$ cat entry32.txt   # compact mmCIF, C-alpha atoms and all ligand atoms
# COMPACT_ATOMS: atom_id res chain seq x y z
CA MET A 17 0.00 0.00 0.00
CA THR A 18 1.35 3.48 -0.81
CA GLU A 19 1.51 5.94 2.03
CA ASN A 20 -1.08 8.72 2.16
CA PRO A 21 0.81 11.91 1.10
CA PHE A 22 -1.59 13.92 3.32
CA ALA A 23 -1.02 11.83 6.47
CA ALA A 24 1.00 14.60 8.19
CA GLY A 25 -1.63 17.18 7.25
CA CYS A 26 -3.48 18.67 4.33
CA ALA A 27 -3.74 22.31 3.23
CA TRP A 28 -6.00 24.18 0.83
CA ILE A 29 -3.97 26.82 -1.02
CA GLU A 30 -4.95 28.53 -4.28
CA ASP A 31 -7.80 26.14 -5.05
CA GLU A 32 -5.77 22.99 -4.48
CA TYR A 33 -5.29 20.42 -1.73
CA VAL A 34 -1.58 19.97 -1.02
CA PRO A 35 0.40 17.91 1.52
CA ILE A 36 1.16 20.13 4.50
CA SER A 37 4.94 20.09 3.91
CA GLU A 38 4.40 21.50 0.41
CA ALA A 39 1.92 24.24 1.38
CA ARG A 40 3.26 27.70 0.43
CA ILE A 41 1.66 31.12 0.38
CA PRO A 42 2.71 33.94 -1.98
CA ILE A 43 5.27 36.14 -0.21
CA LEU A 44 3.41 39.34 -1.14
CA ASP A 45 0.19 38.26 0.55
CA THR A 46 -0.56 41.06 3.04
CA GLY A 47 -1.70 38.43 5.52
CA PHE A 48 1.99 37.66 5.86
CA ILE A 49 3.71 41.02 5.29
CA ARG A 50 1.14 43.23 7.10
CA SER A 51 -0.63 40.83 9.49
CA ASP A 52 -3.74 41.91 7.57
CA VAL A 53 -5.55 38.71 8.30
CA THR A 54 -8.05 36.90 10.48
CA TYR A 55 -8.23 33.22 11.30
CA ASP A 56 -10.00 30.63 13.36
CA VAL A 57 -9.13 27.21 14.69
CA VAL A 58 -11.59 24.38 15.25
CA GLY A 59 -10.66 20.99 16.65
CA THR A 60 -11.80 17.53 15.65
CA TRP A 61 -11.91 14.74 18.19
CA GLU A 62 -12.31 11.07 17.27
CA GLY A 63 -13.44 12.12 13.82
CA GLY A 64 -15.91 14.88 14.67
CA PHE A 65 -15.64 18.68 14.62
CA PHE A 66 -16.35 20.32 17.99
CA ARG A 67 -18.65 23.38 17.86
CA LEU A 68 -17.99 23.88 14.15
CA ASP A 69 -20.93 26.28 13.69
CA ASP A 70 -19.74 28.49 16.53
CA HIS A 71 -16.25 28.69 15.06
CA MET A 72 -17.65 29.49 11.61
CA ASP A 73 -19.91 32.20 13.03
CA ARG A 74 -17.03 33.82 14.96
CA PHE A 75 -14.85 33.61 11.83
CA GLU A 76 -17.55 35.34 9.79
CA ARG A 77 -17.93 38.13 12.38
CA SER A 78 -14.13 38.56 12.30
CA TRP A 79 -13.76 38.95 8.53
CA GLN A 80 -16.78 41.25 8.44
CA LYS A 81 -15.26 43.52 11.12
CA LEU A 82 -12.10 43.73 8.96
CA HIS A 83 -14.15 44.63 5.84
CA MET A 84 -13.06 41.47 4.08
CA ASN A 85 -14.95 39.54 1.47
CA PRO A 86 -13.67 35.95 1.18
CA PRO A 87 -13.66 34.32 -2.26
CA VAL A 88 -15.64 31.29 -1.02
CA SER A 89 -18.90 31.04 0.92
CA LYS A 90 -19.14 29.79 4.50
CA THR A 91 -20.68 26.53 3.24
CA GLU A 92 -17.79 26.05 0.79
CA MET A 93 -15.34 26.74 3.61
CA VAL A 94 -16.91 23.97 5.69
CA ASP A 95 -16.61 21.59 2.71
CA ILE A 96 -12.93 22.52 2.29
CA LEU A 97 -12.17 22.08 6.02
CA THR A 98 -13.93 18.72 6.01
CA GLU A 99 -12.01 17.62 2.92
CA CYS A 100 -8.67 18.66 4.49
CA VAL A 101 -9.42 16.46 7.51
CA ARG A 102 -10.83 13.62 5.40
CA LYS A 103 -7.84 13.53 3.05
CA SER A 104 -5.38 13.50 5.96
CA GLY A 105 -7.29 10.75 7.74
CA ILE A 106 -6.46 12.47 11.05
CA LYS A 107 -9.08 11.79 13.74
CA ASN A 108 -7.88 14.32 16.35
CA ALA A 109 -7.07 17.38 14.24
CA TYR A 110 -6.23 21.05 14.60
CA VAL A 111 -8.02 22.72 11.73
CA GLU A 112 -7.16 26.29 10.83
CA MET A 113 -8.97 28.62 8.42
CA ILE A 114 -7.49 31.94 7.32
CA VAL A 115 -8.75 34.92 5.33
CA THR A 116 -6.09 37.41 4.25
CA ARG A 117 -6.46 40.80 2.60
CA GLY A 118 -4.49 39.23 -0.25
CA LEU A 119 -2.19 40.78 -2.82
CA ALA A 120 -2.19 44.47 -3.66
CA PRO A 121 -3.63 45.37 -7.04
CA LYS A 122 -0.88 46.94 -9.17
CA GLY A 123 -0.03 50.47 -8.07
CA SER A 124 -2.52 50.63 -5.15
CA ARG A 125 -2.35 50.40 -1.38
CA ASP A 126 -6.07 50.92 -0.89
CA PRO A 127 -7.19 47.89 1.21
CA ARG A 128 -10.69 48.10 -0.28
CA LEU A 129 -9.34 47.08 -3.68
CA PHE A 130 -7.52 43.86 -2.72
CA SER A 131 -8.82 40.41 -3.60
CA ASN A 132 -9.09 38.58 -0.32
CA ARG A 133 -7.84 35.02 -0.06
CA PHE A 134 -8.89 31.92 1.81
CA TYR A 135 -6.50 29.27 3.10
CA ALA A 136 -7.08 26.25 5.31
CA PHE A 137 -5.23 23.31 6.75
CA ALA A 138 -5.64 20.30 9.02
CA VAL A 139 -2.76 18.90 11.07
CA PRO A 140 -2.63 16.65 14.15
CA TYR A 141 -4.21 18.15 17.29
CA MET A 142 -1.93 20.57 19.17
CA TRP A 143 -1.73 20.74 22.96
CA ILE A 144 -0.82 23.92 24.84
CA CYS A 145 0.01 21.52 27.68
CA HIS A 146 0.50 17.80 27.12
CA PRO A 147 -2.28 15.59 28.61
CA GLU A 148 0.14 13.78 30.92
CA ASN A 149 0.75 17.17 32.62
CA HIS A 150 -2.89 18.21 32.93
CA ASP A 151 -3.26 17.08 36.54
CA GLU A 152 -0.23 19.04 37.73
CA GLY A 153 -1.35 22.00 35.61
CA LEU A 154 0.65 25.01 34.52
CA HIS A 155 2.83 27.46 36.42
CA MET A 156 2.31 31.01 35.26
CA VAL A 157 3.27 34.59 36.01
CA ILE A 158 1.46 37.86 35.49
CA VAL A 159 3.92 39.61 33.22
CA GLU A 160 5.17 43.06 34.14
CA ASP A 161 7.13 44.14 31.06
CA THR A 162 4.37 43.73 28.49
CA ILE A 163 0.71 44.75 28.40
CA ARG A 164 -1.91 43.28 26.07
CA ILE A 165 -2.16 45.37 22.91
CA PRO A 166 -4.99 47.91 23.46
CA SER A 167 -8.39 46.79 22.21
CA ASN A 168 -8.92 50.09 20.43
CA ALA A 169 -5.75 49.43 18.41
CA VAL A 170 -6.28 45.74 17.63
CA ASP A 171 -9.71 44.28 18.38
CA PRO A 172 -9.07 41.12 20.45
CA THR A 173 -12.49 39.69 19.49
CA VAL A 174 -11.16 39.40 15.92
CA LYS A 175 -8.77 36.45 16.04
CA ASN A 176 -5.56 37.90 14.67
CA PHE A 177 -1.84 37.47 14.01
CA HIS A 178 -0.69 40.43 16.17
CA TRP A 179 1.12 38.09 18.51
CA GLY A 180 4.04 40.45 19.34
CA ASP A 181 2.83 41.12 22.90
CA LEU A 182 1.88 37.47 23.51
CA ILE A 183 5.23 36.10 22.34
CA ARG A 184 7.11 38.77 24.34
CA SER A 185 5.16 37.74 27.44
CA LEU A 186 6.33 34.15 27.03
CA PHE A 187 9.98 35.21 27.15
CA GLU A 188 9.39 37.05 30.43
CA ALA A 189 7.57 34.00 31.78
CA TYR A 190 10.47 31.69 30.86
CA GLU A 191 13.00 34.09 32.41
CA ARG A 192 10.99 34.02 35.65
CA GLY A 193 10.91 30.21 35.67
CA ALA A 194 7.26 29.89 34.64
CA GLN A 195 5.70 27.98 31.76
CA ASN A 196 3.24 30.58 30.55
CA ALA A 197 1.95 34.11 30.98
CA ILE A 198 -1.10 36.19 31.87
CA LEU A 199 -1.28 39.71 30.45
CA LEU A 200 -2.94 42.79 31.90
CA ASP A 201 -4.20 45.82 30.00
CA ALA A 202 -3.02 49.40 30.55
CA GLU A 203 -5.53 49.81 33.42
CA GLY A 204 -4.29 46.68 35.19
CA ASN A 205 -7.23 44.48 34.22
CA VAL A 206 -6.60 40.82 33.51
CA THR A 207 -7.08 40.03 29.80
CA GLU A 208 -5.84 36.66 28.51
CA GLY A 209 -2.65 34.76 27.66
CA PRO A 210 -0.89 33.54 24.53
CA GLY A 211 -3.71 31.55 22.95
CA PHE A 212 -6.09 31.10 25.89
CA ASN A 213 -8.79 32.64 28.09
CA ILE A 214 -8.62 32.70 31.88
CA PHE A 215 -11.06 31.61 34.57
CA ALA A 216 -11.05 32.00 38.35
CA LEU A 217 -13.25 30.09 40.80
CA VAL A 218 -14.02 32.44 43.70
CA GLU A 219 -16.32 31.30 46.51
CA GLY A 220 -17.77 28.63 44.22
CA GLU A 221 -18.54 31.03 41.33
CA LEU A 222 -16.67 31.34 38.02
CA TYR A 223 -15.25 34.59 36.69
CA THR A 224 -13.67 35.35 33.31
CA PRO A 225 -12.54 38.71 31.88
CA GLN A 226 -15.02 40.68 29.80
CA HIS A 227 -12.53 43.01 28.13
CA GLY A 228 -9.30 42.66 26.18
CA ALA A 229 -9.83 39.01 25.28
CA LEU A 230 -10.99 36.81 22.45
CA GLU A 231 -14.49 35.44 22.97
CA GLY A 232 -13.11 31.91 23.05
CA ILE A 233 -15.32 29.04 21.96
CA THR A 234 -13.79 26.93 24.74
CA ARG A 235 -14.57 29.79 27.14
CA ARG A 236 -18.18 29.59 25.91
CA THR A 237 -18.13 25.81 26.49
CA ALA A 238 -16.73 26.19 30.02
CA LEU A 239 -19.49 28.73 30.78
CA ASP A 240 -22.15 26.40 29.31
CA LEU A 241 -20.87 23.39 31.26
CA ALA A 242 -20.69 25.43 34.47
CA GLU A 243 -24.26 26.60 34.02
CA MET A 244 -25.36 22.99 33.42
CA ALA A 245 -23.64 22.09 36.70
CA GLY A 246 -25.44 24.89 38.55
CA ILE A 247 -22.28 26.99 38.98
CA LYS A 248 -22.86 30.74 38.72
CA THR A 249 -20.76 32.45 36.04
CA HIS A 250 -19.65 36.04 35.52
CA ILE A 251 -18.07 37.72 32.50
CA THR A 252 -16.75 40.84 34.20
CA THR A 253 -14.10 43.48 34.54
CA PHE A 254 -11.40 41.40 36.14
CA LYS A 255 -8.76 42.71 38.54
CA THR A 256 -5.71 40.69 39.59
CA GLU A 257 -7.12 40.39 43.15
CA LEU A 258 -9.68 37.90 41.80
CA LEU A 259 -6.83 35.66 40.65
CA PHE A 260 -5.38 35.58 44.17
CA LYS A 261 -8.75 35.23 45.94
CA ALA A 262 -9.54 32.20 43.77
CA SER A 263 -9.48 28.62 45.01
CA GLU A 264 -8.92 27.33 41.45
CA LEU A 265 -7.69 28.85 38.19
CA PHE A 266 -7.81 27.39 34.73
CA LEU A 267 -7.32 28.37 31.11
CA THR A 268 -9.45 27.47 28.10
CA THR A 269 -8.36 26.98 24.49
CA THR A 270 -9.17 24.88 21.45
CA ALA A 271 -5.53 23.73 21.65
CA GLY A 272 -6.06 21.61 24.76
CA GLY A 273 -9.44 22.39 26.31
CA ILE A 274 -9.65 23.19 30.02
CA ILE A 275 -6.26 23.17 31.77
CA PRO A 276 -5.56 24.06 35.41
CA ILE A 277 -3.19 26.85 36.41
CA THR A 278 -1.82 25.52 39.70
CA LYS A 279 0.74 28.22 40.46
CA LEU A 280 0.65 31.97 39.74
CA ASN A 281 3.70 34.05 40.66
CA ASP A 282 4.49 32.53 44.10
CA HIS A 283 0.93 31.52 44.90
CA VAL A 284 0.06 27.80 44.79
CA TYR A 285 -3.61 26.77 44.36
CA GLY A 286 -4.97 23.96 46.54
CA ASN A 287 -2.52 21.08 46.65
CA GLY A 288 -0.87 22.16 43.40
CA ARG A 289 -3.01 19.76 41.36
CA MET A 290 -6.19 20.10 39.30
CA GLY A 291 -8.94 21.30 41.67
CA PRO A 292 -12.33 19.52 42.01
CA THR A 293 -14.44 22.05 40.06
CA THR A 294 -11.88 22.23 37.25
CA ARG A 295 -11.87 18.40 37.21
CA GLN A 296 -15.66 18.30 36.94
CA LEU A 297 -15.68 20.72 33.98
CA TYR A 298 -12.67 19.00 32.41
CA ASP A 299 -14.34 15.56 32.50
CA HIS A 300 -17.58 16.94 31.11
CA TYR A 301 -15.69 18.86 28.38
CA TRP A 302 -14.05 15.67 27.07
CA ALA A 303 -17.22 13.61 27.44
CA GLU A 304 -18.97 16.15 25.17
CA HIS A 305 -16.29 15.53 22.53
CA LYS A 306 -17.24 11.89 22.17
CA ALA A 307 -20.88 12.56 21.36
CA GLY A 308 -23.49 15.19 21.88
CA GLN A 309 -24.98 18.42 20.64
CA TRP A 310 -21.69 20.07 19.63
CA VAL A 311 -20.17 17.26 17.53
CA THR A 312 -20.31 17.16 13.69
CA LYS A 313 -19.11 13.76 12.51
CA ILE A 314 -16.84 13.53 9.46
CA ALA A 315 -17.33 10.79 6.84
CA TYR A 316 -13.74 9.64 6.14
C1 LIG B 401 -5.50 35.22 22.01
C2 LIG B 401 -6.41 34.06 22.22
N1 LIG B 401 -7.26 34.06 23.25
C3 LIG B 401 -8.08 33.02 23.51
C4 LIG B 401 -8.06 31.88 22.70
C5 LIG B 401 -8.99 30.72 23.00
O1 LIG B 401 -10.02 30.67 22.05
P1 LIG B 401 -10.73 29.31 21.64
O2 LIG B 401 -11.28 28.71 22.89
O3 LIG B 401 -11.80 29.71 20.69
O4 LIG B 401 -9.69 28.44 21.03
C6 LIG B 401 -7.21 31.85 21.60
C7 LIG B 401 -7.19 30.66 20.73
O5 LIG B 401 -6.24 30.37 20.05
C8 LIG B 401 -6.36 32.96 21.34
O6 LIG B 401 -5.52 32.97 20.29

$ encode --input "entry32.txt" --output "structure tokens" --more "lines below"
Ligand SMILES: Cc1ncc(COP(=O)(O)O)c(C=O)c1O
Amino acid sequence: MTENPFAAGCAWIEDEYVPISEARIPILDTGFIRSDVTYDVVGTWEGGFFRLDDHMDRFERSWQKLHMNPPVSKTEMVDILTECVRKSGIKNAYVEMIVTRGLAPKGSRDPRLFSNRFYAFAVPYMWICHPENHDEGLHMVIVEDTIRIPSNAVDPTVKNFHWGDLIRSLFEAYERGAQNAILLDAEGNVTEGPGFNIFALVEGELYTPQHGALEGITRRTALDLAEMAGIKTHITTFKTELLFKASELFLTTTAGGIIPITKLNDHVYGNGRMGPTTRQLYDHYWAEHKAGQWVTKIAY
């Protein structure tokens, strides 16, 4: 039997499916040279997309806010994403969709005149923290040298490639002996971290920042699961005190789900392991991936 050339991943570039190692974008695409781009990432688990419609709806809101007009419809995008996964044969996949402003028409820098482009790819699922480390969770710091880029400069609800602040925060975290970072805004409010939203459990109720953060689909899922479990939830202005008053902290992301933060600066939460409420949401989160209202099965 010949090996599947898409086994390591499959991309959709310029109207063609290509093996991931061969996928190339034109160097003049302003998605690359200007970060003039929006994207989304949806996961598949055991051969089914998780909350595909919610990811597609957020993606659509994002390109609309950037005044973009993708060359394919939302339905065609779903077909392309499905085909990328199907061709690769990957059951647990990380599936990214991208709309860029595209290439400049000759002699113009007017962003209204560009032909926007659509790209997509599916690769094996990526973990922000490997599953064998989920119980011990992540050690983080609140970074001091970098603030989250202001929301009135780059809208954080539009998933974007302006990762300069997020990457810089990681270097400070590593220097301080931590594994990851939480960023504040200019007013000292907690926002998010490099690729994840933040939750605090305070006196049995869940809090997550309202401002300066992506409206994560995993955040939405954690809120939904908490409400199902009868836990009160709050999307609020979020000061650092809440982080230190909390009995449990966790992050949420498509790249790994619900993951405990067991140490923040010098403060250790509980016994330094995943706390009971985080565990309850974590178990329910993965149970929902196997079947249920949010799963769209793929016919391989
Ligand atoms: C900056 C940022 N915040 C939050 C998230 C979490 O969003 P989601 O749960 O939709 O993956 C991401 C996802 O990559 C992100 O890039």

$ residues_near_ligand --input "entry32.txt" --ligand "ligand LIG 401 (chain B)" --cutoff "7 Å" --atoms "only C-alpha atoms and all ligand atoms" --output "VMD selection string"
chain A and resid 57 175 208 to 213 229 to 235 268 to 271

$ atom_distance --input "entry32.txt" --atom1 "CA of Thr91 (chain A)" --atom2 "CA of Ala24 (chain A)"
25.2 Å

$ residues_near_point --input "entry32.txt" --point "(-1.5, 20.7, 20.6)" --cutoff "7 Å" --atoms "all atoms listed in the file" --output "number ranges by chain"
A: 141-144, 271-272

$ axis_aligned_box --input "entry32.txt" --around "region 23-36 of chain A" --padding-each-side "8 Å" --output "JSON"
{"center_x": -3.3, "center_y": 20.2, "center_z": 1.6, "size_x": 25.0, "size_y": 32.7, "size_z": 29.2}

$ closest_residue --input "entry32.txt" --among "A:Val115, A:Leu265, A:Leu280, A:Ala136" --to "Val101 (chain A)" --atoms "all atoms listed in the file"
A:Ala136

$ closest_atom_pairs --input "entry32.txt" --of "region 152-189 of chain A" --to "region 241-259 of chain A" --cutoff "12 Å" --atoms "all atoms listed in the file" --output "tab-separated table"
residue	atom	partner	partner_atom	distance
A:Met156	CA	A:Leu259	CA	11.6
A:Val157	CA	A:Leu259	CA	11.2
A:Ile158	CA	A:Thr256	CA	8.7
A:Val159	CA	A:Thr256	CA	11.6

$ write_last_selection --input "entry32.txt" --atoms "C-alpha atoms" --output "PDB file, in the coordinates of the input"
ATOM      1  CA  MET A 156       2.310  31.010  35.260  1.00  0.00           C
ATOM      2  CA  VAL A 157       3.270  34.590  36.010  1.00  0.00           C
ATOM      3  CA  ILE A 158       1.460  37.860  35.490  1.00  0.00           C
ATOM      4  CA  VAL A 159       3.920  39.610  33.220  1.00  0.00           C
TER       5      VAL A 159
END

$ atom_distance --input "entry32.txt" --atom1 "CA of Met72 (chain A)" --atom2 "CA of Ala169 (chain A)"
24.2 Å

$ residues_around --input "entry32.txt" --residues "Phe266 (chain A)" --least-positions-apart "6" --cutoff "12 Å" --atoms "all atoms listed in the file" --output "MDAnalysis selection string"
chainID A and resid 150:156 198 208:209 212:217 222:224 234:235 238 259 272:280 285 289:295 297:298

$ atom_distance --input "entry32.txt" --atom1 "CA of Asn108 (chain A)" --atom2 "CA of Ile314 (chain A)"
11.3 Å
